[in-house]
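Undergrad: Questions regarding the structure given below will be posed in turn.
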Amino acid sequence: MNDSLKPCTKRSRTEEDEKMHRFCVSEMPSRDELQNPSEAVKKFIPASDGGRDDTSSLFTLAVMQAAVEAEENGSGDDVKCFDIFSSQLPTCVSKWGLKLNVHSCGVYHIAGQPLSVDHGDTSSIYWVMQKFSDRPRTYDAIALPSDAPKPADSLIDQYNNWSQSAGWTADQATSDSTRFSAFVEKMSGSLNTSGDALGGTAFVYYNTNGGMVSSVQEECEMLWSIAPFGSEAGHNYECVTALPK
């Protein structure tokens, strides 16, 4: 279980790092540097040892590739960057041969280091937040395996209601760590008492100091939410829950 999203670094990964491998800060590569997956993995992704780790590495490369396209062609505009990123990412995922469906994309201006924690089995959740060291935007993407079960519409609505309630409650706290803990506690309580068959949940908290553009891909349903809507404080609580197969 991790306490914060760790930056990508060029070092060997442990089993625990697998859950942390989400928030990646790097220099912006050229498109040519990302064309060869084996070389790109060696250069930009920490050492992998097979299995799900390879899929995680290639999904990270896909996010990086789509983010480079957005930065190069988005004219520094958040909405244009988001449109390019969200349209290019499924193509990049397919190019690397990954059997994943992209469920959500976002472009955020994040202040400081995000916080995260995983509850339960989150091995089917692929979540990357990519930032280039000389650019202000962070690119956020979540994917699930193409055969992942889809939740009922009523559960999606209920999930969002739980998240919004937990977000408003958490925002009454006075520090990032206590706000995040309060959100995780209340949201976990709602999930645990729901009576629904649910898998693991990944939680992330971050502060935004600028624009924020995000979207759920309509053709891919999942249990995902950003809370609270309408907050002017810039505190954002994002969570996604996997359904058991």
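Following the order of the structure tokens, first chain is A, next is B, and so on, with residues numbered from 1 inside each chain and ligands from 1 in the order they appear.
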With only C-alpha atoms as the counted atoms, please give the residues lying no more than 6 Å from Ala70 in chain A, apart from itself and same-chain residues fewer than 5 positions off, as a tab-separated table (two decimals) with N, CA, C and O atoms, in the first residue's frame.
TA:
chain	number	residue	atom	x	y	z
A	81	CYS	N	-4.99	20.46	-26.03
A	81	CYS	CA	-4.12	19.36	-25.58
A	81	CYS	C	-4.95	18.15	-25.15
A	81	CYS	O	-4.61	17.01	-25.47
A	84	ILE	N	-6.43	16.31	-28.26
A	84	ILE	CA	-5.42	15.51	-28.94
A	84	ILE	C	-5.06	14.28	-28.11
A	84	ILE	O	-4.99	13.15	-28.62
A	85	PHE	N	-4.83	14.48	-26.83
A	85	PHE	CA	-4.45	13.38	-25.94
A	85	PHE	C	-5.52	12.29	-25.91
A	85	PHE	O	-5.22	11.10	-26.08
Undergrad: Which neighbours of Leu198 in chain A fall inside 7 Å, counting only C-alpha atoms, when residues of the same chain fewer than 5 positions from it are skipped, and could you give them as a short mmCIF file (atom, residue, chain, number, x, y, z; two decimals) with all heavy atoms, in the first residue's frame?
TA:
data_model
loop_
_atom_site.label_atom_id
_atom_site.label_comp_id
_atom_site.auth_asym_id
_atom_site.auth_seq_id
_atom_site.Cartn_x
_atom_site.Cartn_y
_atom_site.Cartn_z
N ALA A 242 -12.50 -1.53 -9.37
CA ALA A 242 -12.61 -2.63 -10.32
C ALA A 242 -13.68 -3.61 -9.85
O ALA A 242 -13.83 -3.86 -8.65
CB ALA A 242 -11.27 -3.34 -10.45
N LEU A 243 -14.41 -4.16 -10.79
CA LEU A 243 -15.36 -5.22 -10.49
C LEU A 243 -14.67 -6.58 -10.59
O LEU A 243 -13.82 -6.78 -11.47
CB LEU A 243 -16.53 -5.19 -11.46
CG LEU A 243 -17.47 -3.98 -11.38
CD1 LEU A 243 -18.52 -4.07 -12.47
CD2 LEU A 243 -18.12 -3.90 -10.02
N PRO A 244 -14.99 -7.51 -9.71
CA PRO A 244 -14.38 -8.83 -9.81
C PRO A 244 -14.88 -9.55 -11.05
O PRO A 244 -16.03 -9.39 -11.47
CB PRO A 244 -14.85 -9.54 -8.53
CG PRO A 244 -16.12 -8.82 -8.14
CD PRO A 244 -15.94 -7.40 -8.59
#
Undergrad: Tell me, as number ranges by chain, which residues lie within 12 Å of range 169-179 of chain A, counting only C-alpha atoms; anything in the same chain fewer than 3 positions away does not count.
TA: A: 3-4, 111-117, 162-166, 182-187, 204-207, 227-237
Undergrad: For the selection just defined, write its residues with C-alpha atoms to a file, as an mmCIF file, in the first residue's frame.
TA:
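Resulting contents of selection.cif:
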data_model
loop_
_atom_site.group_PDB
_atom_site.id
_atom_site.type_symbol
_atom_site.label_atom_id
_atom_site.label_comp_id
_atom_site.auth_asym_id
_atom_site.auth_seq_id
_atom_site.Cartn_x
_atom_site.Cartn_y
_atom_site.Cartn_z
ATOM 1 C CA ASP A 3 1.361 6.668 0.685
ATOM 2 C CA SER A 4 2.054 8.830 -2.351
ATOM 3 C CA ALA A 111 0.403 21.632 -7.585
ATOM 4 C CA GLY A 112 2.828 19.521 -5.590
ATOM 5 C CA GLN A 113 2.902 15.746 -5.260
ATOM 6 C CA PRO A 114 -0.325 13.730 -5.496
ATOM 7 C CA LEU A 115 -1.221 11.292 -2.708
ATOM 8 C CA SER A 116 -2.507 7.795 -3.390
ATOM 9 C CA VAL A 117 -3.493 4.537 -1.748
ATOM 10 C CA TRP A 162 -20.825 8.248 -2.644
ATOM 11 C CA SER A 163 -17.741 9.961 -4.028
ATOM 12 C CA GLN A 164 -19.281 13.437 -4.040
ATOM 13 C CA SER A 165 -20.495 13.010 -0.467
ATOM 14 C CA ALA A 166 -17.082 11.766 0.648
ATOM 15 C CA ALA A 182 -11.125 11.322 5.420
ATOM 16 C CA PHE A 183 -12.123 10.770 1.800
ATOM 17 C CA VAL A 184 -10.677 7.257 1.679
ATOM 18 C CA GLU A 185 -12.338 6.336 4.991
ATOM 19 C CA LYS A 186 -15.804 7.541 4.019
ATOM 20 C CA MET A 187 -15.682 6.228 0.453
ATOM 21 C CA VAL A 204 -5.691 9.629 -5.620
ATOM 22 C CA TYR A 205 -5.754 13.143 -4.159
ATOM 23 C CA TYR A 206 -4.179 16.224 -5.742
ATOM 24 C CA ASN A 207 -4.443 20.007 -5.764
ATOM 25 C CA ALA A 227 -15.014 14.843 -6.315
ATOM 26 C CA PRO A 228 -16.221 17.220 -5.147
ATOM 27 C CA PHE A 229 -18.039 19.022 -7.968
ATOM 28 C CA GLY A 230 -18.148 22.777 -7.518
ATOM 29 C CA SER A 231 -15.264 23.043 -5.054
ATOM 30 C CA GLU A 232 -13.346 26.294 -5.360
ATOM 31 C CA ALA A 233 -10.458 25.120 -3.179
ATOM 32 C CA GLY A 234 -8.749 23.066 -5.894
ATOM 33 C CA HIS A 235 -8.820 19.853 -3.851
ATOM 34 C CA ASN A 236 -9.558 16.834 -6.045
ATOM 35 C CA TYR A 237 -10.323 13.292 -4.924
#
Undergrad: If you run DSSP over the backbone, which residues in range 29-236 of chain A end up strand (DSSP E or B)? Put them as a VMD selection string.
TA: chain A and resid 47 100 to 119 126 to 132 138 to 145 201 to 216 223 to 227 235 to 236
Undergrad: Could you check the closest approach to Lys43 in chain A for each of A:Pro151, A:Gly199, A:Gly189, A:Pro29 and tell me which residue wins, using only C-alpha atoms?
TA: A:Pro29
Undergrad: Using only C-alpha atoms, which of the listed residues (A:Met222, A:Val79, A:Ile156, A:Val93) sits closest to Gln65 in chain A?
TA: A:Val93
Undergrad: Got a sec: who's within 12 Å of range 32-34 of chain A, counting only C-alpha atoms, leaving out chain neighbours fewer than 2 positions off, as number ranges by chain?
TA: A: 27-30, 36-45, 58, 60-69, 92, 95-96
Undergrad: With N, CA, C and O atoms retained, write the just-selected residues as a compact mmCIF listing (two decimals), in the first residue's frame.
TA:
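Below is the file again_18.txt, written as the result:
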# COMPACT_ATOMS: atom_id res chain seq x y z
N GLU A 27 11.70 14.37 -18.63
CA GLU A 27 11.88 15.29 -19.74
C GLU A 27 11.01 14.81 -20.90
O GLU A 27 10.74 13.62 -21.03
N MET A 28 10.56 15.74 -21.73
CA MET A 28 9.69 15.35 -22.84
C MET A 28 10.52 14.70 -23.94
O MET A 28 11.42 15.34 -24.50
N PRO A 29 10.26 13.43 -24.26
CA PRO A 29 11.01 12.76 -25.32
C PRO A 29 10.52 13.23 -26.69
O PRO A 29 9.45 13.85 -26.81
N SER A 30 11.27 12.91 -27.71
CA SER A 30 10.80 13.15 -29.08
C SER A 30 9.92 11.99 -29.50
O SER A 30 9.97 10.90 -28.92
N ASN A 36 10.18 2.79 -30.99
CA ASN A 36 10.60 1.41 -30.75
C ASN A 36 10.29 1.06 -29.29
O ASN A 36 10.92 1.58 -28.38
N PRO A 37 9.30 0.18 -29.04
CA PRO A 37 8.89 -0.07 -27.66
C PRO A 37 9.98 -0.64 -26.77
O PRO A 37 10.10 -0.25 -25.62
N SER A 38 10.79 -1.55 -27.29
CA SER A 38 11.83 -2.15 -26.44
C SER A 38 12.87 -1.11 -26.04
O SER A 38 13.32 -1.08 -24.88
N GLU A 39 13.26 -0.25 -26.96
CA GLU A 39 14.23 0.78 -26.64
C GLU A 39 13.63 1.85 -25.73
O GLU A 39 14.28 2.36 -24.81
N ALA A 40 12.37 2.20 -26.00
CA ALA A 40 11.71 3.23 -25.19
C ALA A 40 11.51 2.76 -23.76
O ALA A 40 11.65 3.54 -22.81
N VAL A 41 11.17 1.49 -23.59
CA VAL A 41 11.00 0.95 -22.23
C VAL A 41 12.32 1.05 -21.47
O VAL A 41 12.34 1.45 -20.30
N LYS A 42 13.43 0.69 -22.12
CA LYS A 42 14.74 0.76 -21.46
C LYS A 42 15.08 2.19 -21.06
O LYS A 42 15.65 2.43 -20.00
N LYS A 43 14.73 3.14 -21.91
CA LYS A 43 15.15 4.52 -21.69
C LYS A 43 14.26 5.27 -20.72
O LYS A 43 14.74 6.07 -19.91
N PHE A 44 12.94 5.03 -20.77
CA PHE A 44 12.01 5.87 -20.04
C PHE A 44 11.27 5.17 -18.89
O PHE A 44 10.68 5.84 -18.05
N ILE A 45 11.29 3.85 -18.87
CA ILE A 45 10.52 3.12 -17.87
C ILE A 45 11.46 2.31 -17.00
O ILE A 45 12.40 1.69 -17.51
N LEU A 58 4.14 -0.62 -21.04
CA LEU A 58 3.70 -0.23 -22.36
C LEU A 58 2.53 0.75 -22.30
O LEU A 58 2.43 1.66 -23.13
N THR A 60 2.22 2.95 -19.93
CA THR A 60 2.89 4.19 -19.60
C THR A 60 3.49 4.83 -20.84
O THR A 60 3.41 6.05 -21.04
N LEU A 61 4.09 4.01 -21.71
CA LEU A 61 4.63 4.54 -22.96
C LEU A 61 3.53 5.11 -23.85
O LEU A 61 3.72 6.14 -24.50
N ALA A 62 2.39 4.42 -23.89
CA ALA A 62 1.27 4.92 -24.70
C ALA A 62 0.80 6.28 -24.21
O ALA A 62 0.53 7.19 -25.01
N VAL A 63 0.70 6.41 -22.88
CA VAL A 63 0.31 7.70 -22.30
C VAL A 63 1.34 8.77 -22.64
O VAL A 63 1.00 9.90 -23.02
N MET A 64 2.62 8.40 -22.50
CA MET A 64 3.69 9.35 -22.81
C MET A 64 3.64 9.77 -24.27
O MET A 64 3.78 10.96 -24.61
N GLN A 65 3.42 8.81 -25.16
CA GLN A 65 3.38 9.11 -26.58
C GLN A 65 2.22 10.05 -26.92
O GLN A 65 2.39 11.03 -27.66
N ALA A 66 1.03 9.77 -26.38
CA ALA A 66 -0.12 10.63 -26.63
C ALA A 66 0.07 12.02 -26.04
O ALA A 66 -0.34 13.03 -26.62
N ALA A 67 0.74 12.07 -24.87
CA ALA A 67 1.00 13.36 -24.23
C ALA A 67 1.99 14.19 -25.04
O ALA A 67 1.87 15.42 -25.14
N VAL A 68 2.99 13.54 -25.64
CA VAL A 68 3.94 14.25 -26.50
C VAL A 68 3.21 14.85 -27.70
O VAL A 68 3.44 16.01 -28.07
N GLU A 69 2.32 14.07 -28.31
CA GLU A 69 1.53 14.59 -29.43
C GLU A 69 0.73 15.82 -29.00
O GLU A 69 0.65 16.82 -29.72
N CYS A 92 -2.55 4.82 -29.58
CA CYS A 92 -1.24 4.43 -29.03
C CYS A 92 -1.34 3.10 -28.28
O CYS A 92 -0.44 2.25 -28.39
N LYS A 95 -1.49 0.42 -30.80
CA LYS A 95 -0.20 0.26 -31.48
C LYS A 95 0.73 -0.66 -30.69
O LYS A 95 1.46 -1.46 -31.27
N TRP A 96 0.71 -0.54 -29.36
CA TRP A 96 1.57 -1.39 -28.54
C TRP A 96 0.98 -2.78 -28.35
O TRP A 96 1.57 -3.62 -27.64
Undergrad: When DSSP works through the backbone of this structure, what residues of range 48-80 of chain A end up as alpha helix (DSSP H), shown as an MDAnalysis selection string?
TA: chainID A and resid 52:73 78:80
Undergrad: Kindly indicate which residue among A:Phe203, A:Phe180, A:Phe23, A:Trp168 lies nearest to His119 in chain A, using only C-alpha atoms for the distances.
TA: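 Closest to His119 in chain A of all the choices is A:Phe203.
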Undergrad: Could you list, as a list in words, every residue within 9 Å of Ser124 in chain A, counting only C-alpha atoms and ignoring same-chain residues fewer than 4 positions away?
TA: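 Those residues are Arg52, Ala143, Leu144, Pro145, Ala148, Gly200 and Ala242 of chain A.
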Undergrad: For those residues, write N, CA and C atoms to a file as a PDB file, in the first residue's frame.
TA:
ATOM      1  N   ARG A  52       2.301  -8.619 -15.704  1.00  0.00           N
ATOM      2  CA  ARG A  52       1.542  -7.372 -15.729  1.00  0.00           C
ATOM      3  C   ARG A  52       2.470  -6.173 -15.816  1.00  0.00           C
ATOM      4  N   ALA A 143      -7.075   2.859 -17.676  1.00  0.00           N
ATOM      5  CA  ALA A 143      -7.530   1.803 -18.580  1.00  0.00           C
ATOM      6  C   ALA A 143      -7.789   0.534 -17.778  1.00  0.00           C
ATOM      7  N   LEU A 144      -8.697  -0.271 -18.292  1.00  0.00           N
ATOM      8  CA  LEU A 144      -8.983  -1.582 -17.722  1.00  0.00           C
ATOM      9  C   LEU A 144      -8.865  -2.627 -18.828  1.00  0.00           C
ATOM     10  N   PRO A 145      -8.649  -3.898 -18.482  1.00  0.00           N
ATOM     11  CA  PRO A 145      -8.608  -4.944 -19.504  1.00  0.00           C
ATOM     12  C   PRO A 145      -9.887  -4.958 -20.334  1.00  0.00           C
ATOM     13  N   ALA A 148     -12.919  -6.647 -18.905  1.00  0.00           N
ATOM     14  CA  ALA A 148     -13.367  -6.284 -17.553  1.00  0.00           C
ATOM     15  C   ALA A 148     -14.885  -6.157 -17.514  1.00  0.00           C
ATOM     16  N   GLY A 200     -10.951  -4.210  -5.984  1.00  0.00           N
ATOM     17  CA  GLY A 200     -10.103  -3.223  -5.341  1.00  0.00           C
ATOM     18  C   GLY A 200     -10.378  -1.814  -5.830  1.00  0.00           C
ATOM     19  N   ALA A 242     -12.499  -1.530  -9.370  1.00  0.00           N
ATOM     20  CA  ALA A 242     -12.607  -2.633 -10.320  1.00  0.00           C
ATOM     21  C   ALA A 242     -13.676  -3.607  -9.850  1.00  0.00           C
TER      22      ALA A 242
END
Undergrad: Quick one: pull the distance between CA of Val240 in chain A and CA of Ser123 in chain A, Å, one decimal.
TA: 12.1 Å
Undergrad: How many Å separate CA of Cys239 in chain A from CA of Lys80 in chain A?
TA: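 For CA of Cys239 in chain A relative to CA of Lys80 in chain A, the distance reads 25.1 Å.
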